[in-house]
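Text of data02.txt, listed as compact mmCIF, C-alpha atoms and all ligand atoms:
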```txt
# COMPACT_ATOMS: atom_id res chain seq x y z
CA MET A 1 -26.63 -18.93 -4.22
CA PRO A 2 -23.46 -17.93 -6.09
CA SER A 3 -23.98 -15.21 -8.69
CA GLY A 4 -22.46 -17.25 -11.52
CA PHE A 5 -19.99 -14.47 -12.25
CA PHE A 6 -17.06 -16.80 -11.58
CA GLU A 7 -18.77 -19.84 -13.04
CA GLY A 8 -16.45 -22.77 -13.63
CA ILE A 9 -13.70 -21.37 -11.39
CA GLU A 10 -12.88 -23.52 -8.40
CA PRO A 11 -11.13 -22.35 -5.22
CA ILE A 12 -7.43 -21.93 -6.02
CA ARG A 13 -5.16 -24.66 -4.74
CA PHE A 14 -1.42 -25.03 -4.28
CA GLU A 15 -0.16 -27.41 -6.96
CA GLY A 16 3.61 -26.94 -6.61
CA ALA A 17 6.30 -25.37 -8.76
CA ASP A 18 5.75 -27.64 -11.78
CA SER A 19 2.09 -26.83 -12.30
CA LYS A 20 1.19 -25.15 -15.60
CA ASN A 21 -2.31 -24.23 -14.41
CA PRO A 22 -2.78 -20.41 -14.43
CA LEU A 23 -5.41 -20.83 -11.75
CA ALA A 24 -3.17 -22.66 -9.27
CA PHE A 25 -0.50 -21.54 -6.86
CA ARG A 26 3.00 -22.72 -7.60
CA HIS A 27 4.65 -21.04 -4.60
CA TYR A 28 1.92 -19.67 -2.36
CA ASN A 29 1.22 -22.40 0.11
CA PRO A 30 -0.49 -20.63 3.02
CA ASP A 31 0.47 -23.16 5.70
CA GLU A 32 4.09 -23.57 4.65
CA ILE A 33 6.43 -22.35 7.36
CA VAL A 34 8.95 -19.69 6.35
CA MET A 35 11.30 -18.40 9.06
CA GLY A 36 9.10 -19.87 11.76
CA LYS A 37 5.82 -18.41 10.53
CA ARG A 38 3.05 -19.46 8.13
CA MET A 39 3.38 -17.92 4.69
CA GLU A 40 -0.13 -16.52 4.93
CA ASP A 41 0.78 -14.77 8.19
CA HIS A 42 3.90 -13.25 6.67
CA LEU A 43 2.31 -11.96 3.49
CA ARG A 44 -1.17 -10.99 4.76
CA PHE A 45 -2.61 -10.52 1.25
CA ALA A 46 -5.42 -8.08 0.59
CA VAL A 47 -7.65 -7.46 -2.44
CA ALA A 48 -8.33 -3.79 -3.25
CA TRP A 49 -12.06 -3.22 -3.80
CA TRP A 50 -11.52 -0.17 -6.01
CA HIS A 51 -9.43 -1.68 -8.78
CA SER A 52 -11.09 -5.10 -8.82
CA PHE A 53 -14.70 -4.02 -8.51
CA ALA A 54 -15.14 -0.25 -8.81
CA TRP A 55 -12.88 0.52 -11.76
CA GLU A 56 -14.86 -0.03 -14.95
CA GLY A 57 -11.99 -0.24 -17.43
CA GLY A 58 -12.01 3.34 -18.71
CA ASP A 59 -8.94 5.27 -19.77
CA PRO A 60 -8.45 8.91 -20.88
CA PHE A 61 -9.47 7.92 -24.42
CA GLY A 62 -12.33 5.55 -23.86
CA GLY A 63 -15.10 4.52 -21.51
CA PRO A 64 -15.80 1.35 -19.56
CA THR A 65 -14.81 -2.01 -21.05
CA PHE A 66 -15.76 -4.37 -18.24
CA GLU A 67 -19.59 -4.24 -18.13
CA ARG A 68 -19.99 -6.06 -14.83
CA PRO A 69 -23.36 -7.14 -13.38
CA TRP A 70 -23.05 -4.39 -10.72
CA HIS A 71 -22.63 -1.55 -13.25
CA PRO A 72 -23.65 1.27 -13.29
CA GLN A 73 -22.61 1.80 -9.69
CA ASP A 74 -25.26 4.33 -8.73
CA ASP A 75 -27.58 2.09 -6.80
CA MET A 76 -27.52 0.35 -3.41
CA GLY A 77 -28.98 -2.86 -4.82
CA ARG A 78 -26.07 -3.14 -7.20
CA ALA A 79 -23.63 -2.16 -4.42
CA ARG A 80 -24.84 -5.30 -2.62
CA ILE A 81 -24.41 -7.44 -5.74
CA LYS A 82 -20.87 -6.06 -6.03
CA ALA A 83 -20.22 -7.02 -2.40
CA ASP A 84 -21.64 -10.52 -2.98
CA ILE A 85 -19.34 -11.06 -5.95
CA ALA A 86 -16.35 -9.57 -4.12
CA PHE A 87 -16.79 -12.14 -1.36
CA GLU A 88 -17.15 -14.89 -3.97
CA MET A 89 -13.74 -13.83 -5.26
CA PHE A 90 -12.27 -13.75 -1.75
CA GLU A 91 -13.43 -17.31 -1.25
CA ILE A 92 -11.93 -18.47 -4.53
CA LEU A 93 -8.57 -16.82 -3.78
CA GLY A 94 -8.44 -17.59 -0.08
CA GLN A 95 -6.62 -14.33 0.61
CA PRO A 96 -7.24 -13.26 4.20
CA TYR A 97 -7.89 -9.52 3.76
CA PHE A 98 -9.45 -6.82 1.61
CA CYS A 99 -9.37 -2.98 1.56
CA TRP A 100 -11.89 -0.31 0.49
CA HIS A 101 -12.53 3.38 -0.04
CA ASP A 102 -16.00 4.60 0.92
CA ALA A 103 -16.62 5.46 -2.75
CA ASP A 104 -15.93 1.86 -3.86
CA ILE A 105 -18.55 0.23 -1.72
CA ARG A 106 -21.46 2.70 -1.85
CA PRO A 107 -22.80 5.02 -4.55
CA GLU A 108 -21.85 8.72 -4.38
CA ARG A 109 -24.98 10.71 -3.51
CA GLY A 110 -23.41 14.16 -3.60
CA ASN A 111 -24.22 15.10 -0.01
CA PHE A 112 -22.79 13.98 3.29
CA ALA A 113 -25.98 12.76 4.98
CA ASP A 114 -26.81 10.34 2.16
CA ASN A 115 -23.21 9.20 1.82
CA LEU A 116 -23.12 8.47 5.54
CA ARG A 117 -26.39 6.53 5.49
CA THR A 118 -25.35 4.37 2.53
CA LEU A 119 -21.87 3.79 4.00
CA GLU A 120 -23.39 2.56 7.26
CA GLU A 121 -25.83 0.35 5.38
CA ILE A 122 -23.24 -1.26 3.10
CA THR A 123 -20.66 -1.73 5.85
CA ASP A 124 -23.30 -3.52 7.96
CA TYR A 125 -23.91 -5.77 4.97
CA ILE A 126 -20.17 -6.32 4.41
CA GLY A 127 -19.76 -7.00 8.14
CA GLU A 128 -22.28 -9.86 7.92
CA LYS A 129 -20.40 -11.33 4.98
CA MET A 130 -17.09 -11.05 6.89
CA GLN A 131 -18.64 -13.00 9.77
CA VAL A 132 -19.61 -15.83 7.46
CA SER A 133 -16.45 -15.93 5.35
CA GLY A 134 -13.77 -15.03 7.90
CA THR A 135 -12.21 -12.53 5.48
CA LYS A 136 -10.85 -9.52 7.37
CA LEU A 137 -10.37 -5.83 6.67
CA LEU A 138 -6.71 -4.83 6.30
CA TRP A 139 -7.60 -1.15 5.93
CA GLY A 140 -10.34 1.27 5.12
CA THR A 141 -9.87 4.71 3.61
CA ALA A 142 -11.78 7.68 2.22
CA ASN A 143 -11.72 8.57 -1.45
CA MET A 144 -11.09 12.30 -1.26
CA PHE A 145 -9.88 12.78 -4.81
CA SER A 146 -12.53 11.61 -7.32
CA HIS A 147 -15.59 13.81 -6.72
CA ARG A 148 -15.31 17.38 -8.02
CA ARG A 149 -15.60 18.81 -4.50
CA TRP A 150 -12.04 17.55 -3.88
CA MET A 151 -10.49 19.06 -6.98
CA ALA A 152 -8.39 21.55 -4.98
CA GLY A 153 -7.61 19.11 -2.19
CA ALA A 154 -9.32 17.78 0.94
CA SER A 155 -7.63 18.94 4.19
CA THR A 156 -5.45 21.33 2.16
CA ASN A 157 -8.37 22.92 0.31
CA PRO A 158 -8.54 26.73 0.33
CA ASP A 159 -12.26 26.38 1.12
CA PRO A 160 -12.97 25.60 4.82
CA ASP A 161 -16.23 23.88 3.82
CA VAL A 162 -14.19 21.27 1.97
CA PHE A 163 -11.97 20.82 5.04
CA ALA A 164 -15.15 20.26 7.06
CA PHE A 165 -16.55 17.79 4.51
CA ALA A 166 -13.20 15.94 4.59
CA ALA A 167 -13.21 15.79 8.39
CA ALA A 168 -16.75 14.41 8.42
CA THR A 169 -15.87 11.91 5.70
CA VAL A 170 -12.77 10.60 7.47
CA LYS A 171 -14.70 10.34 10.72
CA SER A 172 -17.34 8.21 8.97
CA CYS A 173 -14.71 6.00 7.33
CA LEU A 174 -12.76 5.56 10.55
CA ASP A 175 -16.00 4.64 12.32
CA ALA A 176 -16.80 2.10 9.60
CA THR A 177 -13.26 0.68 9.67
CA HIS A 178 -13.47 0.35 13.44
CA LYS A 179 -16.88 -1.32 13.21
CA LEU A 180 -15.48 -3.89 10.77
CA GLY A 181 -12.41 -4.61 12.92
CA GLY A 182 -10.04 -3.04 10.38
CA GLU A 183 -6.37 -3.42 11.28
CA ASN A 184 -5.23 -0.10 9.78
CA TYR A 185 -6.64 3.13 8.40
CA VAL A 186 -4.94 4.72 5.38
CA LEU A 187 -4.76 8.33 4.20
CA TRP A 188 -3.50 8.82 0.69
CA GLY A 189 -3.58 12.47 -0.33
CA GLY A 190 -3.86 12.40 -4.09
CA ARG A 191 -4.99 16.02 -4.24
CA GLU A 192 -3.17 17.15 -1.09
CA GLY A 193 -0.68 19.13 -3.12
CA TYR A 194 -0.90 21.73 -5.83
CA GLU A 195 -0.88 22.42 -9.54
CA THR A 196 0.71 25.88 -9.47
CA LEU A 197 2.31 27.97 -6.75
CA LEU A 198 0.68 31.01 -8.37
CA ASN A 199 -2.58 30.21 -6.57
CA THR A 200 -1.24 28.26 -3.59
CA ASP A 201 -0.35 29.18 -0.01
CA MET A 202 1.81 26.16 0.65
CA LYS A 203 2.60 26.87 4.31
CA THR A 204 -1.05 27.22 5.21
CA GLU A 205 -1.94 24.04 3.32
CA LEU A 206 0.78 22.05 5.11
CA ASP A 207 -0.31 23.38 8.51
CA HIS A 208 -3.90 22.41 7.77
CA MET A 209 -2.83 18.94 6.65
CA GLY A 210 -0.77 18.53 9.85
CA ARG A 211 -3.68 19.64 12.04
CA PHE A 212 -6.08 17.39 10.13
CA LEU A 213 -3.89 14.34 10.66
CA ASN A 214 -3.65 15.17 14.35
CA MET A 215 -7.44 15.28 14.51
CA VAL A 216 -7.58 11.84 12.88
CA VAL A 217 -5.20 10.46 15.51
CA GLU A 218 -7.14 12.16 18.34
CA TYR A 219 -10.36 10.64 17.02
CA LYS A 220 -8.79 7.21 16.70
CA HIS A 221 -7.97 7.30 20.42
CA LYS A 222 -11.37 8.74 21.30
CA ILE A 223 -13.20 5.77 19.76
CA GLY A 224 -10.60 3.22 20.88
CA PHE A 225 -9.57 2.16 17.39
CA GLN A 226 -6.59 -0.16 17.92
CA GLY A 227 -5.43 -0.20 14.29
CA THR A 228 -2.53 1.76 12.84
CA ILE A 229 -2.98 5.07 11.05
CA LEU A 230 -0.96 5.02 7.83
CA VAL A 231 -0.12 7.68 5.26
CA GLU A 232 0.74 6.63 1.73
CA PRO A 233 3.50 8.59 -0.03
CA LYS A 234 3.28 9.41 -3.72
CA PRO A 235 5.16 12.21 -5.49
CA GLN A 236 2.60 13.27 -8.07
CA GLU A 237 -0.49 12.16 -9.99
CA PRO A 238 -3.16 13.39 -9.81
CA SER A 239 -1.60 16.58 -8.35
CA LYS A 240 1.50 17.94 -10.02
CA HIS A 241 3.23 18.30 -6.63
CA GLN A 242 2.00 16.08 -3.79
CA TYR A 243 3.00 16.95 -0.24
CA ASP A 244 3.50 13.27 0.72
CA TYR A 245 6.24 12.94 -1.90
CA ASP A 246 8.10 9.89 -0.57
CA ALA A 247 8.90 8.09 2.68
CA ALA A 248 11.57 10.59 3.75
CA THR A 249 9.29 13.58 3.09
CA CYS A 250 6.44 11.97 5.03
CA ILE A 251 8.71 11.17 7.96
CA GLY A 252 9.86 14.80 8.13
CA PHE A 253 6.23 15.94 7.97
CA LEU A 254 5.13 13.53 10.70
CA ARG A 255 7.95 14.69 12.98
CA LYS A 256 7.16 18.36 12.38
CA TYR A 257 3.53 17.84 13.39
CA GLY A 258 4.35 15.59 16.37
CA LEU A 259 2.96 12.40 14.83
CA GLU A 260 6.08 10.24 14.61
CA ASN A 261 4.87 7.82 17.27
CA GLU A 262 1.30 7.69 16.00
CA VAL A 263 1.45 7.28 12.23
CA LYS A 264 3.31 4.84 9.99
CA LEU A 265 3.65 4.49 6.24
CA ASN A 266 1.85 2.48 3.60
CA LEU A 267 4.41 2.17 0.81
CA GLU A 268 3.51 1.41 -2.78
CA GLN A 269 5.98 -0.06 -5.25
CA GLY A 270 4.79 2.06 -8.17
CA HIS A 271 4.87 5.26 -6.10
CA ALA A 272 8.48 4.54 -5.13
CA ILE A 273 9.37 4.33 -8.82
CA LEU A 274 7.50 7.58 -9.59
CA ALA A 275 9.55 9.26 -6.84
CA GLY A 276 12.77 8.09 -8.48
CA HIS A 277 13.48 5.43 -5.86
CA SER A 278 13.51 1.66 -5.73
CA PHE A 279 10.82 0.02 -3.61
CA GLU A 280 13.44 -1.40 -1.25
CA HIS A 281 14.81 2.11 -0.71
CA GLU A 282 11.42 3.31 0.50
CA ILE A 283 11.01 0.24 2.72
CA ALA A 284 14.49 0.70 4.20
CA VAL A 285 13.91 4.42 4.87
CA ALA A 286 10.65 3.68 6.71
CA ALA A 287 12.14 0.70 8.56
CA ALA A 288 15.12 2.74 9.75
CA GLU A 289 12.64 5.08 11.48
CA GLY A 290 10.40 2.31 12.81
CA MET A 291 7.63 3.58 10.52
CA LEU A 292 7.15 0.67 8.15
CA GLY A 293 3.43 -0.06 8.24
CA SER A 294 2.08 -1.83 5.19
CA ILE A 295 2.65 -2.14 1.45
CA ASP A 296 0.73 -1.78 -1.79
CA MET A 297 2.40 -4.34 -4.03
CA ASN A 298 1.69 -3.02 -7.51
CA ARG A 299 4.16 -1.93 -10.13
CA ASN A 300 4.15 0.60 -12.92
CA ASP A 301 5.01 0.18 -16.53
CA TYR A 302 8.62 1.32 -16.65
CA GLN A 303 8.23 3.10 -19.99
CA SER A 304 4.95 4.95 -19.65
CA GLY A 305 5.94 6.94 -16.54
CA TRP A 306 2.64 6.93 -14.70
CA ASP A 307 0.87 4.93 -12.03
CA THR A 308 -0.39 2.00 -14.11
CA ASP A 309 -1.06 -0.17 -11.02
CA GLN A 310 -0.13 -3.51 -12.55
CA PHE A 311 0.11 -6.75 -10.63
CA PRO A 312 3.68 -7.60 -9.56
CA ASN A 313 5.51 -10.03 -11.82
CA ASN A 314 9.20 -9.53 -11.20
CA THR A 315 10.73 -11.92 -8.68
CA PRO A 316 14.00 -10.01 -8.06
CA GLU A 317 12.13 -6.78 -7.23
CA VAL A 318 9.64 -8.52 -4.99
CA ALA A 319 12.36 -10.60 -3.27
CA LEU A 320 14.34 -7.49 -2.29
CA ALA A 321 11.20 -5.81 -0.97
CA TYR A 322 10.45 -8.76 1.32
CA TYR A 323 14.11 -9.04 2.26
CA TYR A 324 13.97 -5.57 3.82
CA ILE A 325 10.51 -6.19 5.27
CA LEU A 326 11.68 -9.41 6.95
CA ASN A 327 14.82 -7.67 8.17
CA ALA A 328 12.60 -5.05 9.78
CA GLY A 329 10.76 -7.82 11.63
CA GLY A 330 7.94 -8.34 9.12
CA PHE A 331 4.43 -6.92 9.22
CA THR A 332 2.56 -6.32 12.45
CA THR A 333 -0.81 -4.75 11.54
CA GLY A 334 0.22 -4.25 7.90
CA GLY A 335 0.12 -6.57 4.94
CA THR A 336 0.48 -6.92 1.18
CA ASN A 337 -2.34 -5.12 -0.58
CA PHE A 338 -2.73 -5.52 -4.33
CA ASP A 339 -3.59 -1.93 -5.20
CA ALA A 340 -3.51 -3.33 -8.73
CA LYS A 341 -5.84 -3.47 -11.64
CA ILE A 342 -6.10 -5.80 -14.59
CA ARG A 343 -5.55 -4.28 -18.02
CA ARG A 344 -8.45 -2.71 -19.87
CA GLN A 345 -8.63 -5.59 -22.35
CA SER A 346 -8.67 -8.24 -19.60
CA ILE A 347 -12.45 -8.36 -19.52
CA ASP A 348 -13.02 -11.95 -18.37
CA SER A 349 -13.77 -12.79 -14.76
CA LYS A 350 -11.00 -15.36 -15.10
CA ASP A 351 -8.50 -12.53 -15.75
CA LEU A 352 -9.37 -11.00 -12.38
CA ILE A 353 -8.70 -14.26 -10.59
CA ALA A 354 -5.57 -15.13 -12.58
CA ALA A 355 -4.08 -11.68 -11.91
CA HIS A 356 -4.39 -12.15 -8.16
CA VAL A 357 -3.15 -15.73 -8.33
CA GLY A 358 -0.05 -14.60 -10.25
CA GLY A 359 0.54 -11.69 -7.87
CA MET A 360 0.17 -13.84 -4.76
CA ASP A 361 2.46 -16.43 -6.25
CA ILE A 362 5.24 -14.02 -7.19
CA CYS A 363 5.10 -12.55 -3.69
CA ALA A 364 5.36 -16.01 -2.16
CA ARG A 365 8.31 -16.75 -4.39
CA GLY A 366 9.92 -13.45 -3.39
CA LEU A 367 9.29 -14.16 0.28
CA LYS A 368 10.95 -17.57 0.02
CA ALA A 369 13.94 -16.05 -1.79
CA ALA A 370 14.21 -13.32 0.85
CA ALA A 371 14.08 -15.87 3.66
CA ALA A 372 16.76 -17.95 1.93
CA MET A 373 19.02 -14.89 1.64
CA ILE A 374 18.54 -14.11 5.31
CA ASP A 375 19.19 -17.72 6.22
CA ASP A 376 22.36 -17.76 4.13
CA GLY A 377 23.47 -14.47 5.66
CA GLY A 378 25.67 -13.42 2.74
CA LEU A 379 24.38 -9.86 2.46
CA GLN A 380 24.49 -9.31 6.20
CA ALA A 381 28.04 -10.67 6.33
CA ALA A 382 29.13 -8.36 3.51
CA ILE A 383 27.69 -5.35 5.33
CA SER A 384 29.22 -6.30 8.68
CA ASP A 385 32.54 -6.72 6.98
CA ARG A 386 32.25 -3.41 5.16
CA TYR A 387 31.58 -1.54 8.41
CA SER A 388 33.90 -3.64 10.58
CA GLY A 389 36.29 -0.71 11.01
CA TRP A 390 33.63 0.96 13.12
CA LYS A 391 33.74 -1.85 15.68
CA THR A 392 37.08 -0.70 17.13
CA PRO A 393 37.10 1.42 20.31
CA GLU A 394 39.18 4.13 18.58
CA ALA A 395 36.66 4.54 15.78
CA LEU A 396 33.72 4.68 18.18
CA ALA A 397 35.54 7.18 20.43
CA MET A 398 35.82 9.50 17.44
CA LEU A 399 32.03 9.98 17.46
CA ASN A 400 32.29 11.56 20.93
CA SER A 401 35.28 13.63 19.98
CA ASP A 402 35.53 16.91 18.01
CA LEU A 403 37.10 18.18 14.81
CA ASP A 404 40.17 19.60 16.58
CA ASP A 405 40.97 16.34 18.29
CA ILE A 406 40.31 14.23 15.18
CA ALA A 407 42.52 16.48 13.05
CA ALA A 408 45.32 16.12 15.62
CA GLN A 409 44.99 12.31 15.46
CA VAL A 410 45.13 12.30 11.67
CA LEU A 411 48.44 14.18 11.89
CA ALA A 412 49.86 12.20 14.80
CA LYS A 413 49.06 8.77 13.30
CA ALA A 414 49.52 9.83 9.69
CA ILE A 415 46.05 8.39 8.94
CA ASN A 416 45.68 7.83 5.21
CA PRO A 417 42.66 5.72 4.17
CA THR A 418 43.08 2.74 1.83
CA PRO A 419 40.03 2.49 -0.52
CA ARG A 420 38.20 -0.86 -0.49
CA SER A 421 35.92 -2.39 -3.10
CA GLY A 422 32.18 -1.89 -2.59
CA ARG A 423 31.71 -5.31 -4.31
CA GLN A 424 28.44 -4.29 -5.93
CA GLU A 425 28.60 -6.70 -8.87
CA ILE A 426 29.52 -9.59 -6.60
CA LEU A 427 26.54 -8.82 -4.37
CA GLU A 428 24.15 -8.42 -7.29
CA SER A 429 25.19 -11.81 -8.58
CA TYR A 430 24.80 -13.20 -5.09
CA VAL A 431 21.17 -12.02 -4.99
CA ASN A 432 20.57 -13.65 -8.36
CA MET A 433 21.49 -17.03 -6.89
CA PHE A 434 18.32 -16.85 -4.79
CA VAL A 435 15.76 -15.42 -7.19
C1 LIG B 501 -3.26 5.83 -5.67
C2 LIG B 501 -3.17 5.21 -4.37
C3 LIG B 501 -4.49 4.77 -3.78
C4 LIG B 501 -4.35 4.48 -2.31
C5 LIG B 501 -5.64 4.45 -1.55
O1 LIG B 501 -2.29 5.97 -6.41
O2 LIG B 501 -2.28 4.13 -4.47
O3 LIG B 501 -5.01 3.68 -4.45
O4 LIG B 501 -3.68 3.28 -2.08
O5 LIG B 501 -6.32 5.64 -1.65
NI NI B 502 -1.10 4.17 -6.38
NI NI B 503 -1.97 2.65 -3.06
```
Final structure tokens representation of the file:
Amino acid sequence: MPSGFFEGIEPIRFEGADSKNPLAFRHYNPDEIVMGKRMEDHLRFAVAWWHSFAWEGGDPFGGPTFERPWHPQDDMGRARIKADIAFEMFEILGQPYFCWHDADIRPERGNFADNLRTLEEITDYIGEKMQVSGTKLLWGTANMFSHRRWMAGASTNPDPDVFAFAAATVKSCLDATHKLGGENYVLWGGREGYETLLNTDMKTELDHMGRFLNMVVEYKHKIGFQGTILVEPKPQEPSKHQYDYDAATCIGFLRKYGLENEVKLNLEQGHAILAGHSFEHEIAVAAAEGMLGSIDMNRNDYQSGWDTDQFPNNTPEVALAYYYILNAGGFTTGGTNFDAKIRRQSIDSKDLIAAHVGGMDICARGLKAAAAMIDDGGLQAAISDRYSGWKTPEALAMLNSDLDDIAAQVLAKAINPTPRSGRQEILESYVNMFV
């Protein structure tokens, strides 16, 4: 028996680019083949349990606005109702995946034994629903930032008891992710960082974080979890300084602690912007190192300067993101997670559906534009042309030479470079032909 929460909303269908129906796909057509693969298999959409079902609509100035049937979220009965309604939404949207934190799916009991028991109970329940619906788990993760015990960090906490609680928590979440056939496990360290150096031993904290992540990888192999371990960079918020600042910082960290072949990155559009980068920069940095894992496709408000987690709605931005993802070979275990929440005034159940429909659609549109750019080859041709000087044997030989020898050549051949246009405006206009 459906709960009635989404009463009157039918499963979303593809109606084509001319449709004016906010509850229809104009571009997302799961079976359509793009670059030899089904659109659904390229995009691998996931709904984030926390923003869609756990967030109650509060902000720093006011309390909950949503008043859902599963609120308040302090009870296992209501945790089940929340799961029932989540799966009703999955069915309506037809997206193949979802993601959770432990704290989204079970009530917080304040002690580990009760948290473990309720996590096992609710993930058994969710597992049954996955069997029936066919919806899969893209990733699981532990919320180690909301409860007050985490206020000074999880693995980087000065208190070893918190480190222990974090280790036990991640073990339980990795076990649950494994049980549900999750394809990845994410660690986002919102409070793995610091507020002031005056009370912080940064070197010790980083060493503890590196050891902790190694323990996670060791445990993954111990239980035979086949999924990918991902870390999610973010420069700040909630901590003033977060250790996983951006893709480049994370890659350096992973190399230092010997994890470069074990851990990849989950990149979030809004976090890239907070770090002062474009999303495609972060994707390209990770891809260049073979560490592109998965993405959280949610944007920030460009004026407010914090992580507002809005659904994507800008085709050019999304198209460039997928352009670099496709160029890197596309997702393997990763996917497109909407780590996005509706606005506080969007209190109707229809808003929740329409937000995902719009997000899925803009991503599909971006994917098609990206594929068309790759097919046309204009950007690749421009880059090959720009670097064509490096295809000559003399240029390549220089890389195995030394400063003395190169300096002698510059004198002997009177080498004097002729500047060439970078053609940025031409290329920007080129991209606009596809979006
Ligand atoms: C917060 C993060 C978080 C992670 C999962 O900014 O994006 O939602 O994706 O813990
Ligand atoms: Ni975020
Ligand atoms: Ni995220």
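By all atoms listed in the file, and with residues fewer than 6 positions from A:Lys240 along its chain excluded, the set lying at most 9 Å from it is Arg191, Gly193, Tyr194, Glu195 and Thr196 of chain A.
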Give me a file of those residues, with C-alpha atoms, as an mmCIF file, in the frame of the given file.
```cif
data_model
loop_
_atom_site.group_PDB
_atom_site.id
_atom_site.type_symbol
_atom_site.label_atom_id
_atom_site.label_comp_id
_atom_site.auth_asym_id
_atom_site.auth_seq_id
_atom_site.Cartn_x
_atom_site.Cartn_y
_atom_site.Cartn_z
ATOM 1 C CA ARG A 191 -4.990 16.020 -4.240
ATOM 2 C CA GLY A 193 -0.680 19.130 -3.120
ATOM 3 C CA TYR A 194 -0.900 21.730 -5.830
ATOM 4 C CA GLU A 195 -0.880 22.420 -9.540
ATOM 5 C CA THR A 196 0.710 25.880 -9.470
#
```
Wanna dump the chain A-ligand NI 502 (chain B) contacts at 12 Å for me, each residue with its shortest atom pair and the distance in Å to one decimal, counting all atoms listed in the file, ordered by chain and number, as a Markdown table?
```
| residue | atom | partner | partner_atom | distance |
| --- | --- | --- | --- | --- |
| A:Ala48 | CA | B:NI502 | NI | 11.2 |
| A:Trp50 | CA | B:NI502 | NI | 11.3 |
| A:His51 | CA | B:NI502 | NI | 10.5 |
| A:Leu187 | CA | B:NI502 | NI | 11.9 |
| A:Trp188 | CA | B:NI502 | NI | 8.8 |
| A:Gly189 | CA | B:NI502 | NI | 10.6 |
| A:Gly190 | CA | B:NI502 | NI | 9.0 |
| A:Glu232 | CA | B:NI502 | NI | 8.7 |
| A:Pro233 | CA | B:NI502 | NI | 9.0 |
| A:Lys234 | CA | B:NI502 | NI | 7.3 |
| A:Pro235 | CA | B:NI502 | NI | 10.2 |
| A:Gln236 | CA | B:NI502 | NI | 10.0 |
| A:Glu237 | CA | B:NI502 | NI | 8.8 |
| A:Pro238 | CA | B:NI502 | NI | 10.1 |
| A:Asn266 | CA | B:NI502 | NI | 10.5 |
| A:Leu267 | CA | B:NI502 | NI | 9.3 |
| A:Glu268 | CA | B:NI502 | NI | 6.5 |
| A:Gln269 | CA | B:NI502 | NI | 8.3 |
| A:Gly270 | CA | B:NI502 | NI | 6.5 |
| A:His271 | CA | B:NI502 | NI | 6.1 |
| A:Ala272 | CA | B:NI502 | NI | 9.7 |
| A:Ile273 | CA | B:NI502 | NI | 10.8 |
| A:Leu274 | CA | B:NI502 | NI | 9.8 |
| A:Ala275 | CA | B:NI502 | NI | 11.8 |
| A:Ile295 | CA | B:NI502 | NI | 10.7 |
| A:Asp296 | CA | B:NI502 | NI | 7.7 |
| A:Met297 | CA | B:NI502 | NI | 9.5 |
| A:Asn298 | CA | B:NI502 | NI | 7.8 |
| A:Arg299 | CA | B:NI502 | NI | 8.9 |
| A:Asn300 | CA | B:NI502 | NI | 9.1 |
| A:Trp306 | CA | B:NI502 | NI | 9.5 |
| A:Asp307 | CA | B:NI502 | NI | 6.0 |
| A:Thr308 | CA | B:NI502 | NI | 8.1 |
| A:Asp309 | CA | B:NI502 | NI | 6.4 |
| A:Gln310 | CA | B:NI502 | NI | 9.9 |
| A:Phe311 | CA | B:NI502 | NI | 11.8 |
| A:Asn337 | CA | B:NI502 | NI | 11.0 |
| A:Phe338 | CA | B:NI502 | NI | 10.0 |
| A:Asp339 | CA | B:NI502 | NI | 6.7 |
| A:Ala340 | CA | B:NI502 | NI | 8.2 |
| A:Lys341 | CA | B:NI502 | NI | 10.4 |
```
Applying 9 Å and all atoms listed in the file, which residues near A:Met373 remain after dropping the ones on its own chain fewer than 6 positions away? List them as a PyMOL selection string. chain A and resi 323+379+431+434
Just C-alpha atoms for this one: save the residues we selected as a compact mmCIF listing (two decimals), keeping the file's coordinate frame.
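This is the output file part37.txt:
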```txt
# COMPACT_ATOMS: atom_id res chain seq x y z
CA TYR A 323 14.11 -9.04 2.26
CA LEU A 379 24.38 -9.86 2.46
CA VAL A 431 21.17 -12.02 -4.99
CA PHE A 434 18.32 -16.85 -4.79
```
Gap from atom CA of A:Asn214 to atom CA of A:Leu259 - Å, one decimal: 7.2 Å
Mind giving me the straight-line distance from atom CA of A:Ile81 to atom CA of A:Arg106 in Å, one decimal?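 These two atoms are separated by 11.3 Å.
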Neighbour residues at most 10 Å from (-20.1, 17.5, -1.9) (all atoms listed in the file) as a VMD selection string: chain A and resid 108 to 112 115 147 to 150 161 to 162 165 to 166
Could you pull the residues within 7 Å of stretch 9-17 of chain A, counting all atoms listed in the file, minus those fewer than 6 positions along the same chain, as number ranges by chain? A: 23-29, 91-93
Non-local contacts of A:Ala286 (8 Å; all atoms listed in the file; under 4 positions in same chain excluded) as a PyMOL selection string: chain A and resi 247-248+251+265+282+290-292
Residues of the last selection are to be written out with C-alpha atoms, as an mmCIF file, in the frame of the given file.
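Saved file selection_33.cif follows:
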```
data_model
loop_
_atom_site.group_PDB
_atom_site.id
_atom_site.type_symbol
_atom_site.label_atom_id
_atom_site.label_comp_id
_atom_site.auth_asym_id
_atom_site.auth_seq_id
_atom_site.Cartn_x
_atom_site.Cartn_y
_atom_site.Cartn_z
ATOM 1 C CA ALA A 247 8.900 8.090 2.680
ATOM 2 C CA ALA A 248 11.570 10.590 3.750
ATOM 3 C CA ILE A 251 8.710 11.170 7.960
ATOM 4 C CA LEU A 265 3.650 4.490 6.240
ATOM 5 C CA GLU A 282 11.420 3.310 0.500
ATOM 6 C CA GLY A 290 10.400 2.310 12.810
ATOM 7 C CA MET A 291 7.630 3.580 10.520
ATOM 8 C CA LEU A 292 7.150 0.670 8.150
#
```
